[in-house]
Every structure is written in C-alpha cells, then in structure tokens.
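Structure first, commentary second.
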Amino acid sequence: MLRPVTDALGLAAGAGAARPASPAARPDDPDADLVRRIGKGDLLAIRALTARKLPRLTALAARVLGDAAEAEDVAQESLIRAWRQAPVWRFGEARFDTWLHRVAINLCRDRLRRRRPGDAADLDALVDPGPAPDRGLEARDIGDRVAVAMAALPPRQREAVVLCHYQDLGNIEAARVLGVSVEALESLLSRGRRALRAALSDLVP
Amino acid sequence: MTFGRTPMGPRRFRDLAEAYGGDISRWPEAERGPAEAWLAGNPREGAAVLEAARALDDLLGSWRTADPVEALRSRVLVPAPDLVSRARRRAFVLTLGGGAGLAAACLAGILAAPFLLSTPSFGIAPSPSMERPASASASPQTDEVLAEVLEDWEAPFADAEADFGA
C-alpha cells in the first residue's frame, strides 16, 4: 500500500507512534527511520532518501572537487553505497548522514589523488547559472570569485569549510567526517577562513 | 587554543567567530551559552566581531551550486531496489541463512565424497572440493550470494575509515 509522501519522509505526525523506533536507534539521527525502511526494501523510503541526500552530496562534491561532472559521479556512487549499507546499518554507532559524508569525502579524495598536476577544474560549470529573481549578475560574479578562492585552499581546509559552512554540519559531526579532533577541525576552519578573507579582501568590508 | 577549557572572553569569542562564522547558533553547542552571556556584557565589541565574520559568511553564501538534474536522480534510483535486495540477501547469508547454507554445503560435500572418489576416472579427476554441492538446499543462489559476500561486502564505515589522515 502506498503511503503519503509526508509519511515516506518520516514527517507524518503519527509516524513515530505507529511505528515505534528500534530501541537501538540513535535518537538524534534524523535519517534513522528512512534507513530502517530502506533496509526492509521500502521503495518510497529510497525515493525520500534520494530527495533528501542527492542535492547535499552533489553540492558537497562539487565544492570539494571543483568539477560538476565528477561531483555527480561521487554523489551517485555514495548513494549506491548507501543502498548496500542500509540493510546492515548498525544503528547507534554514527549518524547515517555522517557516514554518507565520509564516504563522499573519501571518494572525492580518491579522485583528487588521481588528478594530474595539469588538470584544471571547470569552475564555471559549478556556479548555478541562475539568475534567480533575487540574484543579479553581480552575485554570479561574486560566486565565481568565491569558487576560485575555495579551489585555491589546501584540500583539508577546503573540506572543513565546505562541511561546516555549506553542509551545515556541527563541529563534532564535521570532525568525525574528516577523521580529526574537534580542535584540529577548528584550526582548519580558522586557517581556511583567514585565507578566504585574504583572497577576497577587496569584497570583504 | 585550548578550546573546551578556555574561558569565554574576547579572545575565545574572536576565535570562535573566526572559525565558525558570525552566527552564534552555528558555534559549538557547549560554547553558545557562554558566548551569548559574554556578548550581553560586551555588546559593542562582540557585535563588531560578529559583523566582520558575517561579512565573510555572506560572501561565501553567494557561491551556489546547481541542483542535480533528473538524469542523475534516475541513475541513482534505477539500480536501488536491486542493490537493496542483494544487500538484504547478503545480510541474511551472513547471519542465520549463512550458517544454514554453509552447513548444508559442507554436508553435501561430505556425503558426495565417497561416490566421487569411487567413480572411474580418465585423466585427471576433479577434486571433490571443486564440485558444486548436489544438495537442493545448497542452491546455486546460496553459492552466488556467498560469492557476492566475498566479492563486495563492506562493513559500515570500513571504506570510510580508511585513509583519513588529518
């Protein structure tokens, strides 16, 4: 029987009451219900997780790699791994989103490692071509400048800024994704933002 | 920087803004309360720090990436049911089903060994251990799933934990 989309997303008011959460499920993992249902073969849950994660993973990889086509490949591969992992996911050990970010970051690192020194990212393809109603040509130009400045950061600093600023991960989750301490993450962020401020100094008041 | 043990003051406030930006709600959870309290006591200095950090935040926010195209959604969704189904079979084999299937395969091999060894052979006889089990319960599907397990099983975090140097 088809369930409403709100239910598929785990947003229905009564969803929790109708389907008690597993005692082992991590209570603060917003993806736990979807992952559990995907593990049982629920196609609506597969669609819902795709809708929730594909834009996030594509944006993450695009900003880390500086290449839109490669970012799509990374997002696709990350979700393929998610489909394989959902039925055997061990609830309570990590957030699913954190694991998914780690997979994506690892795939990005593999690709960056394989790049030859002369390979240049197509940064133009990364910027949303817009213009949206509230964005003019100037915003697009600034976006281009930011993309170039981000691409010039050392990879670990770029990853830290992407995770915390663009992916909106908290410091603990971002540190887990990068496999570093919270202190190291904060250092990467500070250095990254300082470098960005210097590179964009003509635009920062 | 000693972070968690650093008392909130102008220096720590600036360090946090420099790392996490000008929105206190995005700072480490344990430090938000002390930061808000310090800001309340030092509104002018605190506001200047936050304003400078927010200027960079706004600039970074102007870089937007395009949404995924429909073709990518299809590439992700089309193989999903089959991949989930295979993963569920793998999970079954590795738990209850795996033990039963493997036991059946071993039993079939033991039962078949005398027959295979007594069969007249010409040239090199196949080793019993290389024979496919004859038992119906040790089906080709079980073999395939076991092969899949060995081929592409990945434990949670196994791939992600590798190669995570700082």
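Labels for the structure tokens follow display order: chains A, B, ..., residues from 1 in each chain, ligands from 1.
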
Exercise for the section: Write down, as a VMD selection string, each residue of chain A that has any atom within 6 Å of an atom of chain B, counting only C-alpha atoms. Expected result: chain A and resid 55 76 83 to 84 87 102 to 103 126 to 128 143 179 to 180 186 189 to 190

Please give the complete set of residues from range 77-183 of chain A that DSSP, run on the backbone, assigns to alpha helix (DSSP H), formatted as a PDB file with N, CA and C atoms, in the first residue's frame.
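result_7.pdb, freshly written:
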```pdb
ATOM      1  N   GLU A  77      27.774   7.398  -6.673  1.00  0.00           N
ATOM      2  CA  GLU A  77      28.476   6.286  -6.030  1.00  0.00           C
ATOM      3  C   GLU A  77      28.196   6.255  -4.524  1.00  0.00           C
ATOM      4  N   SER A  78      28.109   7.436  -3.918  1.00  0.00           N
ATOM      5  CA  SER A  78      27.831   7.492  -2.476  1.00  0.00           C
ATOM      6  C   SER A  78      26.469   6.885  -2.158  1.00  0.00           C
ATOM      7  N   LEU A  79      25.469   7.228  -2.978  1.00  0.00           N
ATOM      8  CA  LEU A  79      24.138   6.690  -2.695  1.00  0.00           C
ATOM      9  C   LEU A  79      24.042   5.202  -3.036  1.00  0.00           C
ATOM     10  N   ILE A  80      24.787   4.772  -4.038  1.00  0.00           N
ATOM     11  CA  ILE A  80      24.818   3.328  -4.322  1.00  0.00           C
ATOM     12  C   ILE A  80      25.360   2.576  -3.109  1.00  0.00           C
ATOM     13  N   ARG A  81      26.371   3.152  -2.475  1.00  0.00           N
ATOM     14  CA  ARG A  81      26.895   2.517  -1.254  1.00  0.00           C
ATOM     15  C   ARG A  81      25.863   2.574  -0.129  1.00  0.00           C
ATOM     16  N   ALA A  82      25.074   3.648  -0.132  1.00  0.00           N
ATOM     17  CA  ALA A  82      24.027   3.744   0.893  1.00  0.00           C
ATOM     18  C   ALA A  82      22.996   2.636   0.718  1.00  0.00           C
ATOM     19  N   TRP A  83      22.645   2.342  -0.532  1.00  0.00           N
ATOM     20  CA  TRP A  83      21.655   1.266  -0.751  1.00  0.00           C
ATOM     21  C   TRP A  83      22.209  -0.069  -0.255  1.00  0.00           C
ATOM     22  N   ARG A  84      23.510  -0.281  -0.446  1.00  0.00           N
ATOM     23  CA  ARG A  84      24.108  -1.541   0.003  1.00  0.00           C
ATOM     24  C   ARG A  84      24.216  -1.606   1.521  1.00  0.00           C
ATOM     25  N   GLN A  85      24.342  -0.432   2.128  1.00  0.00           N
ATOM     26  CA  GLN A  85      24.615  -0.384   3.561  1.00  0.00           C
ATOM     27  C   GLN A  85      23.354  -0.401   4.413  1.00  0.00           C
ATOM     28  N   PHE A  96      23.705   8.345  10.070  1.00  0.00           N
ATOM     29  CA  PHE A  96      23.822   7.882   8.686  1.00  0.00           C
ATOM     30  C   PHE A  96      24.367   8.997   7.803  1.00  0.00           C
ATOM     31  N   ASP A  97      23.935  10.221   8.053  1.00  0.00           N
ATOM     32  CA  ASP A  97      24.388  11.359   7.250  1.00  0.00           C
ATOM     33  C   ASP A  97      25.898  11.573   7.405  1.00  0.00           C
ATOM     34  N   THR A  98      26.400  11.351   8.616  1.00  0.00           N
ATOM     35  CA  THR A  98      27.846  11.495   8.840  1.00  0.00           C
ATOM     36  C   THR A  98      28.602  10.436   8.044  1.00  0.00           C
ATOM     37  N   TRP A  99      28.114   9.203   8.121  1.00  0.00           N
ATOM     38  CA  TRP A  99      28.753   8.127   7.357  1.00  0.00           C
ATOM     39  C   TRP A  99      28.733   8.447   5.856  1.00  0.00           C
ATOM     40  N   LEU A 100      27.572   8.933   5.383  1.00  0.00           N
ATOM     41  CA  LEU A 100      27.433   9.243   3.958  1.00  0.00           C
ATOM     42  C   LEU A 100      28.408  10.355   3.547  1.00  0.00           C
ATOM     43  N   HIS A 101      28.569  11.349   4.406  1.00  0.00           N
ATOM     44  CA  HIS A 101      29.528  12.410   4.121  1.00  0.00           C
ATOM     45  C   HIS A 101      30.952  11.858   4.092  1.00  0.00           C
ATOM     46  N   ARG A 102      31.254  10.931   4.975  1.00  0.00           N
ATOM     47  CA  ARG A 102      32.606  10.344   4.988  1.00  0.00           C
ATOM     48  C   ARG A 102      32.868   9.576   3.703  1.00  0.00           C
ATOM     49  N   VAL A 103      31.862   8.826   3.264  1.00  0.00           N
ATOM     50  CA  VAL A 103      32.007   8.088   2.010  1.00  0.00           C
ATOM     51  C   VAL A 103      32.270   9.063   0.871  1.00  0.00           C
ATOM     52  N   ALA A 104      31.468  10.128   0.812  1.00  0.00           N
ATOM     53  CA  ALA A 104      31.606  11.096  -0.282  1.00  0.00           C
ATOM     54  C   ALA A 104      32.969  11.797  -0.230  1.00  0.00           C
ATOM     55  N   ILE A 105      33.389  12.182   0.963  1.00  0.00           N
ATOM     56  CA  ILE A 105      34.686  12.851   1.091  1.00  0.00           C
ATOM     57  C   ILE A 105      35.810  11.900   0.664  1.00  0.00           C
ATOM     58  N   ASN A 106      35.706  10.636   1.048  1.00  0.00           N
ATOM     59  CA  ASN A 106      36.725   9.667   0.646  1.00  0.00           C
ATOM     60  C   ASN A 106      36.776   9.499  -0.866  1.00  0.00           C
ATOM     61  N   LEU A 107      35.604   9.452  -1.480  1.00  0.00           N
ATOM     62  CA  LEU A 107      35.565   9.330  -2.939  1.00  0.00           C
ATOM     63  C   LEU A 107      36.169  10.567  -3.595  1.00  0.00           C
ATOM     64  N   CYS A 108      35.903  11.733  -3.021  1.00  0.00           N
ATOM     65  CA  CYS A 108      36.498  12.973  -3.547  1.00  0.00           C
ATOM     66  C   CYS A 108      38.027  12.909  -3.426  1.00  0.00           C
ATOM     67  N   ARG A 109      38.496  12.450  -2.269  1.00  0.00           N
ATOM     68  CA  ARG A 109      39.949  12.377  -2.071  1.00  0.00           C
ATOM     69  C   ARG A 109      40.590  11.418  -3.068  1.00  0.00           C
ATOM     70  N   ASP A 110      39.912  10.296  -3.339  1.00  0.00           N
ATOM     71  CA  ASP A 110      40.438   9.357  -4.337  1.00  0.00           C
ATOM     72  C   ASP A 110      40.590  10.052  -5.685  1.00  0.00           C
ATOM     73  N   ARG A 111      39.583  10.817  -6.048  1.00  0.00           N
ATOM     74  CA  ARG A 111      39.630  11.489  -7.346  1.00  0.00           C
ATOM     75  C   ARG A 111      40.693  12.581  -7.389  1.00  0.00           C
ATOM     76  N   LEU A 112      40.812  13.310  -6.292  1.00  0.00           N
ATOM     77  CA  LEU A 112      41.840  14.364  -6.258  1.00  0.00           C
ATOM     78  C   LEU A 112      43.235  13.756  -6.351  1.00  0.00           C
ATOM     79  N   ARG A 113      43.407  12.613  -5.724  1.00  0.00           N
ATOM     80  CA  ARG A 113      44.707  11.933  -5.745  1.00  0.00           C
ATOM     81  C   ARG A 113      45.073  11.486  -7.156  1.00  0.00           C
ATOM     82  N   ARG A 114      44.051  11.081  -7.901  1.00  0.00           N
ATOM     83  CA  ARG A 114      44.305  10.567  -9.258  1.00  0.00           C
ATOM     84  C   ARG A 114      44.537  11.685 -10.263  1.00  0.00           C
ATOM     85  N   LEU A 137      23.522  39.808 -11.866  1.00  0.00           N
ATOM     86  CA  LEU A 137      24.802  39.411 -12.462  1.00  0.00           C
ATOM     87  C   LEU A 137      25.923  39.516 -11.453  1.00  0.00           C
ATOM     88  N   GLU A 138      25.836  40.497 -10.558  1.00  0.00           N
ATOM     89  CA  GLU A 138      26.908  40.716  -9.596  1.00  0.00           C
ATOM     90  C   GLU A 138      27.069  39.517  -8.664  1.00  0.00           C
ATOM     91  N   ALA A 139      25.943  38.968  -8.244  1.00  0.00           N
ATOM     92  CA  ALA A 139      26.008  37.817  -7.351  1.00  0.00           C
ATOM     93  C   ALA A 139      26.708  36.648  -8.028  1.00  0.00           C
ATOM     94  N   ARG A 140      26.430  36.467  -9.312  1.00  0.00           N
ATOM     95  CA  ARG A 140      27.081  35.403 -10.066  1.00  0.00           C
ATOM     96  C   ARG A 140      28.594  35.627 -10.115  1.00  0.00           C
ATOM     97  N   ASP A 141      28.997  36.879 -10.339  1.00  0.00           N
ATOM     98  CA  ASP A 141      30.427  37.187 -10.388  1.00  0.00           C
ATOM     99  C   ASP A 141      31.095  36.914  -9.043  1.00  0.00           C
ATOM    100  N   ILE A 142      30.405  37.301  -7.967  1.00  0.00           N
ATOM    101  CA  ILE A 142      30.969  37.072  -6.630  1.00  0.00           C
ATOM    102  C   ILE A 142      31.063  35.570  -6.374  1.00  0.00           C
ATOM    103  N   GLY A 143      30.035  34.849  -6.786  1.00  0.00           N
ATOM    104  CA  GLY A 143      30.072  33.398  -6.642  1.00  0.00           C
ATOM    105  C   GLY A 143      31.265  32.794  -7.352  1.00  0.00           C
ATOM    106  N   ASP A 144      31.561  33.301  -8.543  1.00  0.00           N
ATOM    107  CA  ASP A 144      32.738  32.820  -9.283  1.00  0.00           C
ATOM    108  C   ASP A 144      34.018  33.078  -8.496  1.00  0.00           C
ATOM    109  N   ARG A 145      34.105  34.279  -7.930  1.00  0.00           N
ATOM    110  CA  ARG A 145      35.307  34.635  -7.150  1.00  0.00           C
ATOM    111  C   ARG A 145      35.464  33.697  -5.946  1.00  0.00           C
ATOM    112  N   VAL A 146      34.356  33.430  -5.281  1.00  0.00           N
ATOM    113  CA  VAL A 146      34.407  32.546  -4.114  1.00  0.00           C
ATOM    114  C   VAL A 146      34.837  31.146  -4.544  1.00  0.00           C
ATOM    115  N   ALA A 147      34.295  30.674  -5.671  1.00  0.00           N
ATOM    116  CA  ALA A 147      34.658  29.337  -6.155  1.00  0.00           C
ATOM    117  C   ALA A 147      36.151  29.237  -6.407  1.00  0.00           C
ATOM    118  N   VAL A 148      36.696  30.267  -7.009  1.00  0.00           N
ATOM    119  CA  VAL A 148      38.145  30.265  -7.297  1.00  0.00           C
ATOM    120  C   VAL A 148      38.946  30.292  -5.989  1.00  0.00           C
ATOM    121  N   ALA A 149      38.498  31.120  -5.045  1.00  0.00           N
ATOM    122  CA  ALA A 149      39.214  31.209  -3.761  1.00  0.00           C
ATOM    123  C   ALA A 149      39.136  29.883  -3.002  1.00  0.00           C
ATOM    124  N   MET A 150      37.991  29.235  -3.044  1.00  0.00           N
ATOM    125  CA  MET A 150      37.854  27.941  -2.377  1.00  0.00           C
ATOM    126  C   MET A 150      38.753  26.899  -3.031  1.00  0.00           C
ATOM    127  N   ALA A 151      38.817  26.931  -4.362  1.00  0.00           N
ATOM    128  CA  ALA A 151      39.641  25.949  -5.072  1.00  0.00           C
ATOM    129  C   ALA A 151      41.120  26.109  -4.740  1.00  0.00           C
ATOM    130  N   PRO A 155      43.473  21.212   0.472  1.00  0.00           N
ATOM    131  CA  PRO A 155      42.288  20.337   0.472  1.00  0.00           C
ATOM    132  C   PRO A 155      41.620  20.178   1.833  1.00  0.00           C
ATOM    133  N   ARG A 156      42.386  19.976   2.909  1.00  0.00           N
ATOM    134  CA  ARG A 156      41.761  19.746   4.215  1.00  0.00           C
ATOM    135  C   ARG A 156      41.020  20.993   4.717  1.00  0.00           C
ATOM    136  N   GLN A 157      41.577  22.162   4.471  1.00  0.00           N
ATOM    137  CA  GLN A 157      40.895  23.402   4.859  1.00  0.00           C
ATOM    138  C   GLN A 157      39.615  23.572   4.050  1.00  0.00           C
ATOM    139  N   ARG A 158      39.708  23.252   2.764  1.00  0.00           N
ATOM    140  CA  ARG A 158      38.514  23.367   1.908  1.00  0.00           C
ATOM    141  C   ARG A 158      37.417  22.416   2.398  1.00  0.00           C
ATOM    142  N   GLU A 159      37.817  21.192   2.745  1.00  0.00           N
ATOM    143  CA  GLU A 159      36.824  20.228   3.236  1.00  0.00           C
ATOM    144  C   GLU A 159      36.147  20.736   4.515  1.00  0.00           C
ATOM    145  N   ALA A 160      36.952  21.290   5.414  1.00  0.00           N
ATOM    146  CA  ALA A 160      36.399  21.777   6.686  1.00  0.00           C
ATOM    147  C   ALA A 160      35.398  22.907   6.449  1.00  0.00           C
ATOM    148  N   VAL A 161      35.751  23.848   5.587  1.00  0.00           N
ATOM    149  CA  VAL A 161      34.841  24.975   5.310  1.00  0.00           C
ATOM    150  C   VAL A 161      33.569  24.476   4.628  1.00  0.00           C
ATOM    151  N   ASN A 171      30.272  20.945  14.706  1.00  0.00           N
ATOM    152  CA  ASN A 171      31.715  20.697  14.789  1.00  0.00           C
ATOM    153  C   ASN A 171      32.050  19.234  15.073  1.00  0.00           C
ATOM    154  N   ILE A 172      31.236  18.581  15.895  1.00  0.00           N
ATOM    155  CA  ILE A 172      31.541  17.185  16.232  1.00  0.00           C
ATOM    156  C   ILE A 172      31.337  16.279  15.015  1.00  0.00           C
ATOM    157  N   GLU A 173      30.238  16.485  14.304  1.00  0.00           N
ATOM    158  CA  GLU A 173      29.974  15.664  13.120  1.00  0.00           C
ATOM    159  C   GLU A 173      31.016  15.931  12.030  1.00  0.00           C
ATOM    160  N   ALA A 174      31.348  17.198  11.824  1.00  0.00           N
ATOM    161  CA  ALA A 174      32.337  17.529  10.795  1.00  0.00           C
ATOM    162  C   ALA A 174      33.696  16.915  11.134  1.00  0.00           C
ATOM    163  N   ALA A 175      34.062  16.958  12.405  1.00  0.00           N
ATOM    164  CA  ALA A 175      35.340  16.357  12.806  1.00  0.00           C
ATOM    165  C   ALA A 175      35.324  14.852  12.565  1.00  0.00           C
ATOM    166  N   ARG A 176      34.184  14.217  12.820  1.00  0.00           N
ATOM    167  CA  ARG A 176      34.078  12.774  12.576  1.00  0.00           C
ATOM    168  C   ARG A 176      34.205  12.472  11.092  1.00  0.00           C
ATOM    169  N   VAL A 177      33.589  13.293  10.261  1.00  0.00           N
ATOM    170  CA  VAL A 177      33.676  13.076   8.809  1.00  0.00           C
ATOM    171  C   VAL A 177      35.126  13.148   8.350  1.00  0.00           C
ATOM    172  N   LEU A 178      35.858  14.132   8.875  1.00  0.00           N
ATOM    173  CA  LEU A 178      37.243  14.323   8.439  1.00  0.00           C
ATOM    174  C   LEU A 178      38.209  13.408   9.178  1.00  0.00           C
ATOM    175  N   VAL A 182      38.172  17.672  17.246  1.00  0.00           N
ATOM    176  CA  VAL A 182      37.423  18.929  17.155  1.00  0.00           C
ATOM    177  C   VAL A 182      38.391  20.113  17.135  1.00  0.00           C
ATOM    178  N   GLU A 183      39.461  19.999  17.898  1.00  0.00           N
ATOM    179  CA  GLU A 183      40.467  21.077  17.926  1.00  0.00           C
ATOM    180  C   GLU A 183      41.117  21.245  16.556  1.00  0.00           C
TER     181      GLU A 183
END
```
